[in-house]
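See below for data_17.cif, which holds mmCIF, C-alpha atoms and all ligand atoms.
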```cif
data_model
loop_
_atom_site.label_atom_id
_atom_site.label_comp_id
_atom_site.auth_asym_id
_atom_site.auth_seq_id
_atom_site.Cartn_x
_atom_site.Cartn_y
_atom_site.Cartn_z
CA MET A 1 0.00 0.00 0.00
CA LYS A 2 1.02 3.59 -0.53
CA ARG A 3 0.78 6.21 2.15
CA ALA A 4 0.08 9.94 2.21
CA THR A 5 -0.11 12.42 5.06
CA ILE A 6 -3.50 14.12 5.08
CA ASP A 7 -4.46 16.59 7.80
CA GLY A 8 -1.72 15.15 10.04
CA ILE A 9 -2.97 11.58 9.52
CA ASP A 10 -1.06 8.86 7.74
CA LEU A 11 -3.56 7.44 5.23
CA ALA A 12 -2.87 4.14 3.49
CA TYR A 13 -4.32 3.48 0.04
CA VAL A 14 -4.11 1.17 -2.94
CA ASP A 15 -3.40 2.91 -6.25
CA ARG A 16 -3.53 0.46 -9.13
CA GLY A 17 -4.10 0.72 -12.89
CA GLU A 18 -4.43 3.64 -15.25
CA GLY A 19 -7.21 5.72 -16.75
CA THR A 20 -10.34 7.24 -15.25
CA PRO A 21 -9.95 7.25 -11.45
CA VAL A 22 -12.34 5.02 -9.52
CA LEU A 23 -12.43 5.71 -5.78
CA LEU A 24 -13.65 2.77 -3.66
CA ILE A 25 -14.87 3.73 -0.17
CA HIS A 26 -15.26 0.89 2.30
CA GLY A 27 -17.99 0.25 4.88
CA PHE A 28 -17.97 0.15 8.68
CA PRO A 29 -15.84 -1.14 10.43
CA LEU A 30 -13.93 -2.53 7.46
CA ASP A 31 -11.02 -1.52 5.25
CA HIS A 32 -9.99 -1.46 1.59
CA THR A 33 -9.62 -5.27 1.47
CA MET A 34 -13.42 -5.60 1.25
CA TRP A 35 -12.90 -4.38 -2.34
CA GLU A 36 -10.23 -6.94 -3.28
CA ALA A 37 -12.29 -8.49 -6.07
CA GLN A 38 -13.26 -5.09 -7.47
CA ILE A 39 -9.67 -3.82 -7.36
CA ASP A 40 -8.55 -6.80 -9.43
CA ALA A 41 -11.40 -6.51 -11.93
CA LEU A 42 -11.37 -2.74 -12.41
CA ALA A 43 -7.62 -2.08 -12.41
CA THR A 44 -7.27 -3.65 -15.86
CA LYS A 45 -9.15 -0.65 -17.33
CA TYR A 46 -9.23 2.09 -14.71
CA ARG A 47 -7.07 3.72 -12.07
CA VAL A 48 -8.41 2.23 -8.86
CA LEU A 49 -7.89 4.09 -5.61
CA ALA A 50 -8.91 2.16 -2.49
CA PRO A 51 -8.02 3.93 0.75
CA ASP A 52 -8.40 2.84 4.35
CA LEU A 53 -10.42 5.61 5.98
CA ARG A 54 -8.81 7.21 9.03
CA GLY A 55 -8.98 4.87 12.00
CA PHE A 56 -9.45 1.73 9.86
CA GLY A 57 -7.15 -0.86 8.31
CA GLN A 58 -3.67 0.51 8.01
CA SER A 59 -4.72 4.14 8.50
CA VAL A 60 -4.69 3.69 12.25
CA ALA A 61 -2.21 6.22 13.53
CA LEU A 62 -4.73 8.16 15.60
CA GLU A 63 -2.20 9.45 18.09
CA GLN A 64 -0.39 11.28 15.31
CA GLY A 65 -3.40 13.45 14.51
CA ASP A 66 -5.36 16.11 16.23
CA TRP A 67 -8.42 13.93 16.80
CA ASP A 68 -11.61 14.44 18.58
CA ASP A 69 -14.11 11.73 19.45
CA VAL A 70 -16.24 12.07 16.34
CA VAL A 71 -15.28 11.65 12.72
CA THR A 72 -18.12 12.93 10.57
CA MET A 73 -18.93 11.60 7.11
CA GLU A 74 -17.97 15.05 5.88
CA ARG A 75 -14.54 14.74 7.41
CA PHE A 76 -13.97 11.37 5.78
CA ALA A 77 -15.05 12.91 2.45
CA ASP A 78 -12.69 15.85 2.94
CA ASP A 79 -9.84 13.41 3.71
CA LEU A 80 -10.49 11.67 0.40
CA ALA A 81 -10.65 14.91 -1.59
CA ALA A 82 -7.36 15.97 0.06
CA LEU A 83 -5.85 12.57 -0.74
CA LEU A 84 -6.78 12.94 -4.43
CA GLN A 85 -5.31 16.42 -4.46
CA THR A 86 -2.11 15.34 -2.69
CA ILE A 87 -1.45 12.49 -5.09
CA GLU A 88 -2.36 14.71 -8.04
CA VAL A 89 -5.44 12.92 -9.27
CA ASN A 90 -6.72 15.92 -11.13
CA ARG A 91 -9.52 14.29 -13.12
CA PRO A 92 -12.96 13.78 -11.59
CA ALA A 93 -13.37 10.29 -10.15
CA VAL A 94 -16.07 7.66 -10.21
CA VAL A 95 -16.95 7.56 -6.52
CA VAL A 96 -18.10 4.16 -5.26
CA GLY A 97 -19.17 3.68 -1.64
CA LEU A 98 -20.68 0.76 0.21
CA SER A 99 -22.85 1.34 3.28
CA MET A 100 -20.90 3.82 5.46
CA GLY A 101 -18.80 4.31 2.33
CA GLY A 102 -22.04 5.35 0.61
CA TYR A 103 -22.71 7.96 3.30
CA VAL A 104 -19.18 9.26 2.66
CA ALA A 105 -19.70 9.11 -1.13
CA LEU A 106 -22.82 11.27 -0.86
CA GLU A 107 -20.91 13.79 1.27
CA PHE A 108 -18.08 13.68 -1.25
CA TRP A 109 -20.54 14.48 -4.05
CA ARG A 110 -22.14 17.28 -1.96
CA LYS A 111 -18.88 18.98 -1.03
CA HIS A 112 -16.63 18.05 -3.92
CA THR A 113 -19.08 17.92 -6.82
CA GLU A 114 -16.42 19.01 -9.31
CA ARG A 115 -14.34 15.97 -8.37
CA THR A 116 -17.27 13.56 -8.82
CA LYS A 117 -17.64 12.13 -12.31
CA ARG A 118 -20.17 9.43 -11.43
CA LEU A 119 -21.58 7.93 -8.26
CA VAL A 120 -22.10 4.30 -7.31
CA LEU A 121 -24.01 3.77 -4.08
CA CYS A 122 -23.96 0.20 -2.79
CA ASP A 123 -26.12 -1.10 0.07
CA THR A 124 -26.47 2.32 1.67
CA ARG A 125 -29.00 4.88 2.85
CA ALA A 126 -29.72 8.57 2.27
CA ALA A 127 -31.86 9.24 5.33
CA LYS A 128 -30.36 10.23 8.65
CA ASP A 129 -30.63 7.85 11.58
CA PRO A 130 -33.86 7.73 13.55
CA PRO A 131 -33.15 8.61 17.23
CA GLU A 132 -33.13 4.98 18.42
CA VAL A 133 -30.59 3.97 15.75
CA ALA A 134 -28.39 6.97 16.56
CA ALA A 135 -28.56 6.03 20.27
CA GLY A 136 -27.52 2.47 19.38
CA ARG A 137 -24.46 3.79 17.60
CA LEU A 138 -23.38 5.72 20.69
CA GLU A 139 -23.71 2.47 22.64
CA THR A 140 -21.61 0.72 19.98
CA ALA A 141 -18.94 3.39 20.43
CA ASP A 142 -18.91 2.83 24.21
CA GLN A 143 -18.85 -0.96 23.79
CA VAL A 144 -15.92 -0.96 21.39
CA LEU A 145 -13.87 1.31 23.64
CA ARG A 146 -14.70 -0.84 26.67
CA ASP A 147 -14.56 -4.37 25.21
CA GLY A 148 -12.41 -4.00 22.10
CA ALA A 149 -13.09 -4.05 18.37
CA ALA A 150 -13.52 -7.81 18.12
CA SER A 151 -16.54 -7.65 20.47
CA LEU A 152 -18.58 -6.23 17.59
CA ALA A 153 -17.92 -8.94 15.07
CA GLU A 154 -20.29 -11.82 15.86
CA GLY A 155 -23.41 -9.69 16.28
CA MET A 156 -22.66 -7.82 13.07
CA ILE A 157 -21.98 -10.93 10.98
CA LEU A 158 -25.53 -12.15 11.65
CA LYS A 159 -26.95 -8.92 10.21
CA LEU A 160 -24.53 -8.50 7.31
CA PHE A 161 -24.73 -11.95 5.73
CA PRO A 162 -27.68 -14.29 5.11
CA GLN A 163 -27.49 -17.51 7.15
CA SER A 164 -26.84 -19.57 3.98
CA THR A 165 -23.76 -17.46 3.20
CA ILE A 166 -22.44 -17.72 6.76
CA THR A 167 -22.61 -21.51 6.41
CA GLU A 168 -21.42 -21.88 2.81
CA GLN A 169 -18.76 -19.16 2.68
CA PRO A 170 -17.12 -19.17 6.15
CA GLU A 171 -14.14 -17.32 4.68
CA LEU A 172 -16.30 -14.16 4.45
CA GLY A 173 -16.93 -14.22 8.20
CA GLU A 174 -13.20 -14.76 8.74
CA ALA A 175 -12.31 -11.80 6.51
CA PHE A 176 -14.85 -9.68 8.37
CA ARG A 177 -13.44 -10.67 11.80
CA ARG A 178 -9.92 -9.86 10.64
CA MET A 179 -10.86 -6.40 9.35
CA VAL A 180 -12.76 -5.54 12.52
CA SER A 181 -9.97 -6.71 14.81
CA GLU A 182 -7.39 -4.70 12.85
CA ALA A 183 -9.36 -1.47 13.14
CA ASP A 184 -8.46 0.93 15.93
CA PRO A 185 -11.27 0.89 18.57
CA ARG A 186 -11.03 4.68 18.77
CA GLY A 187 -11.46 4.88 15.00
CA ILE A 188 -14.53 2.64 15.13
CA ALA A 189 -16.04 4.64 17.99
CA ALA A 190 -15.39 7.96 16.25
CA ALA A 191 -16.97 6.74 13.00
CA ALA A 192 -20.00 5.26 14.84
CA ARG A 193 -20.58 8.66 16.46
CA GLY A 194 -20.08 10.34 13.08
CA MET A 195 -22.72 8.10 11.48
CA ALA A 196 -25.12 8.91 14.34
CA GLU A 197 -24.95 12.61 13.51
CA ARG A 198 -24.86 12.40 9.72
CA ARG A 199 -27.11 14.72 7.77
CA ASP A 200 -30.27 13.73 5.94
CA MET A 201 -29.39 13.59 2.25
CA THR A 202 -32.85 12.67 0.94
CA LYS A 203 -33.76 16.24 -0.08
CA LEU A 204 -30.52 16.63 -2.04
CA LEU A 205 -30.86 13.48 -4.12
CA GLN A 206 -32.80 15.26 -6.87
CA GLN A 207 -29.78 17.56 -7.39
CA ILE A 208 -27.43 14.72 -8.31
CA ALA A 209 -26.70 15.41 -11.96
CA CYS A 210 -23.93 12.89 -12.63
CA PRO A 211 -24.68 9.35 -13.85
CA THR A 212 -25.52 7.29 -10.76
CA LEU A 213 -25.85 3.58 -10.14
CA LEU A 214 -27.38 1.92 -7.08
CA ILE A 215 -26.51 -1.65 -6.16
CA VAL A 216 -28.22 -3.64 -3.42
CA GLY A 217 -28.36 -7.26 -2.31
CA THR A 218 -31.91 -8.64 -2.43
CA TRP A 219 -31.53 -9.87 1.15
CA ASP A 220 -29.91 -6.74 2.56
CA ILE A 221 -31.70 -6.10 5.87
CA ILE A 222 -29.66 -2.99 6.77
CA SER A 223 -30.39 -0.98 3.61
CA PRO A 224 -33.23 -2.99 2.06
CA PRO A 225 -33.95 -2.96 -1.69
CA GLU A 226 -37.19 -0.96 -1.24
CA GLU A 227 -35.30 1.83 0.49
CA MET A 228 -32.55 1.86 -2.13
CA HIS A 229 -35.14 1.78 -4.87
CA ALA A 230 -36.68 4.94 -3.41
CA ILE A 231 -33.22 6.58 -3.54
CA ALA A 232 -32.90 5.58 -7.20
CA GLU A 233 -36.33 7.07 -7.93
CA ALA A 234 -35.28 10.38 -6.35
CA ILE A 235 -32.03 10.72 -8.35
CA PRO A 236 -32.60 11.82 -11.95
CA ARG A 237 -31.91 8.96 -14.41
CA ALA A 238 -30.27 6.73 -11.77
CA GLN A 239 -29.83 3.05 -12.54
CA PHE A 240 -30.80 0.42 -10.02
CA ALA A 241 -29.39 -3.11 -9.79
CA GLU A 242 -30.41 -5.85 -7.36
CA ILE A 243 -27.93 -8.63 -6.71
CA PRO A 244 -29.90 -11.85 -6.15
CA GLY A 245 -29.34 -14.03 -3.09
CA CYS A 246 -27.09 -11.48 -1.45
CA GLY A 247 -26.99 -9.60 1.87
CA HIS A 248 -25.50 -6.23 2.85
CA LEU A 249 -21.86 -6.66 1.80
CA SER A 250 -22.61 -7.27 -1.88
CA ALA A 251 -19.10 -6.47 -3.12
CA MET A 252 -17.66 -9.23 -0.91
CA GLU A 253 -20.49 -11.72 -1.09
CA LYS A 254 -21.24 -11.67 -4.83
CA PRO A 255 -18.11 -10.14 -6.38
CA GLU A 256 -18.69 -11.48 -9.90
CA ALA A 257 -22.20 -10.03 -10.16
CA VAL A 258 -21.10 -6.71 -8.63
CA ASN A 259 -18.07 -6.50 -10.93
CA ARG A 260 -20.22 -7.19 -14.00
CA THR A 261 -22.67 -4.48 -12.96
CA LEU A 262 -19.88 -1.98 -12.24
CA LEU A 263 -17.98 -2.66 -15.47
CA GLU A 264 -21.14 -2.36 -17.50
CA PHE A 265 -21.98 0.98 -15.86
CA LEU A 266 -18.44 2.33 -16.27
CA GLY A 267 -18.22 1.20 -19.90
CA ARG A 268 -21.51 2.83 -20.80
CA PHE A 269 -20.23 6.38 -20.37
CA SER A 270 -16.56 6.02 -21.32
C1 LIG A 301 -21.67 -0.49 7.06
O1 LIG A 301 -21.69 -1.62 6.55
O2 LIG A 301 -20.90 0.39 6.71
C2 LIG A 301 -22.65 -0.24 8.19
O3 LIG A 301 -23.64 -1.24 8.19
C3 LIG A 301 -23.26 1.11 8.06
C4 LIG A 301 -24.31 1.38 9.10
O4 LIG A 301 -24.23 0.83 10.20
O5 LIG A 301 -25.21 2.19 8.84
#
```

Let me see the structure of the file written as structure tokens.
Amino acid sequence: MKRATIDGIDLAYVDRGEGTPVLLIHGFPLDHTMWEAQIDALATKYRVLAPDLRGFGQSVALEQGDWDDVVTMERFADDLAALLQTIEVNRPAVVVGLSMGGYVALEFWRKHTERTKRLVLCDTRAAKDPPEVAAGRLETADQVLRDGAASLAEGMILKLFPQSTITEQPELGEAFRRMVSEADPRGIAAAARGMAERRDMTKLLQQIACPTLLIVGTWDIISPPEEMHAIAEAIPRAQFAEIPGCGHLSAMEKPEAVNRTLLEFLGRFS
């Protein structure tokens, strides 16, 4: 991985391939390795940038930065815009985010519209958290600081993957446990608090003028297809793709189907 210093933080990122930049933003509490299959498939045609957001994966050097207890989705988005600037990616990027990465992608579009060529929102939401969900995130932050990052894994796995996948593809659960245990508990807590206070993007969706694709697993119980379909309806000319037999982490669980959908979308406007 390469590294760049952004806002006093040492950010790690993959930079592979050439051509139109494609920025892959991971979910919570994961890292860039959730995109392994997409990095391989896309880097043959595009310049793929897959960072670890601050506090996750190899971007864990919290003590080196001037941190507070909350990292907002806006701050993550600003980190990514600064990363692109620092490494001289001067062309607008295709911005792809899954789940929390989708919250960050929407903030990236809102604040850095000129850097956003197209948007791909995977298994994510536009609405802000209802109060009980936001309260749960604050409890998650306390839990992870008290009991460690790994304490989150088992409960989350049951919500992220359908039971059939947990049984048939145990390596996905293993990959998930590894990513969670490698994240810095303070990074997880700060991002959980940031998600709890994220803004409601639903009113802004109609202003998205760039080509946009939505991808969702048919069995996603965190950002269900009906909710993502409503987002697609609100964004002018957005495309909507359901990945059959798949839960929340579509890019990991059904990489071939997600790659096909992504490559088709990217090829359409090249
Ligand atoms: C994620 O996968 O990033 C999380 O499920 C996001 C969330 O908790 O809203």

Using only C-alpha atoms, which protein or nucleic acid residues come within 9 Å of Arg198 (chain A)? Drop anything in the same chain fewer than 2 positions from it, and give the result as a compact mmCIF listing (two decimals) with C-alpha atoms, keeping the file's coordinate frame.
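Result written to out05.txt:
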```txt
# COMPACT_ATOMS: atom_id res chain seq x y z
CA THR A 72 -18.12 12.93 10.57
CA MET A 73 -18.93 11.60 7.11
CA GLU A 74 -17.97 15.05 5.88
CA TYR A 103 -22.71 7.96 3.30
CA ALA A 127 -31.86 9.24 5.33
CA LYS A 128 -30.36 10.23 8.65
CA ASP A 129 -30.63 7.85 11.58
CA ARG A 193 -20.58 8.66 16.46
CA GLY A 194 -20.08 10.34 13.08
CA MET A 195 -22.72 8.10 11.48
CA ALA A 196 -25.12 8.91 14.34
CA ASP A 200 -30.27 13.73 5.94
CA MET A 201 -29.39 13.59 2.25
```

For CA of Ala191 (chain A) and CA of Phe28 (chain A), determine how far apart the two atoms are, in Å to one decimal place. 7.9 Å

Residues contacting ligand LIG 301 (chain A) - anything with an atom at most 10 Å away, using all atoms listed in the file - can you give me those as number ranges by chain? A: 25-30, 97-104, 122-125, 128-129, 133-134, 136-137, 156, 159-160, 191-192, 195-196, 221-223, 248-249

Within 12 Å of Glu253 (chain A), counting all atoms listed in the file, which residues qualify if same-chain residues fewer than 2 places away don't, as an MDAnalysis selection string? chainID A and resid 34:38 160:162 164:166 168:173 175:176 216:220 243:251 255:259

Could you tell me which of A:Pro224, A:Ser181, A:Gly187, A:Phe265 comes closest to Thr212 (chain A) if we count all atoms listed in the file?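 Of A:Pro224, A:Ser181, A:Gly187, A:Phe265, the one nearest Thr212 (chain A), counting all atoms listed in the file, is A:Phe265.
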
Rounded to one decimal in Å, what is the spacing between CA of Ala150 (chain A) and CA of Ala12 (chain A)?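 Interatomic distance, CA of Ala150 (chain A) to CA of Ala12 (chain A): 21.7 Å.
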
Check the smallest atom-to-atom distance from each of A:Glu264, A:Phe108, A:Asp31, A:Leu119 to Val180 (chain A) using only C-alpha atoms, then report the winner.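 The shortest atom-to-atom distance to Val180 (chain A) comes from A:Asp31.
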
For CA of Phe240 (chain A) and CA of Leu214 (chain A), determine how far apart the two atoms are, in Å to one decimal place. 4.8 Å

Select, from A:Ala105, A:Ile9, A:Val22, A:Ala77, the residue with the minimum atom-to-atom distance to Leu121 (chain A), counting all atoms listed in the file. A:Ala105

Between A:Met228, A:Met252, A:Val70, A:Ala50, which residue has the minimum interatomic distance to Ala189 (chain A), considering all atoms listed in the file? A:Val70

Would you kindly return, as a JSON list (two decimals) with C-alpha atoms, in the frame of the given file, each protein, DNA or RNA residue with an atom no farther than 7 Å from any atom of Asp52 (chain A), considering all atoms listed in the file and excluding same-chain residues fewer than 5 positions away?
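Saved to result-v8.json:
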```
[["chain", "number", "residue", "atom", "x", "y", "z"],
["A", 11, "LEU", "CA", -3.56, 7.44, 5.23],
["A", 12, "ALA", "CA", -2.87, 4.14, 3.49],
["A", 13, "TYR", "CA", -4.32, 3.48, 0.04],
["A", 31, "ASP", "CA", -11.02, -1.52, 5.25],
["A", 32, "HIS", "CA", -9.99, -1.46, 1.59],
["A", 57, "GLY", "CA", -7.15, -0.86, 8.31],
["A", 58, "GLN", "CA", -3.67, 0.51, 8.01],
["A", 59, "SER", "CA", -4.72, 4.14, 8.50]]
```

Please write out, as JSON, where the centre of an axis-aligned box around all listed atoms of region 187-205 of chain A lies and how long its edges are, in Å to one decimal, after adding 8 Å on each side.
```
{"center_x": -22.6, "center_y": 9.6, "center_z": 6.9, "size_x": 38.3, "size_y": 30.0, "size_z": 38.1}
```
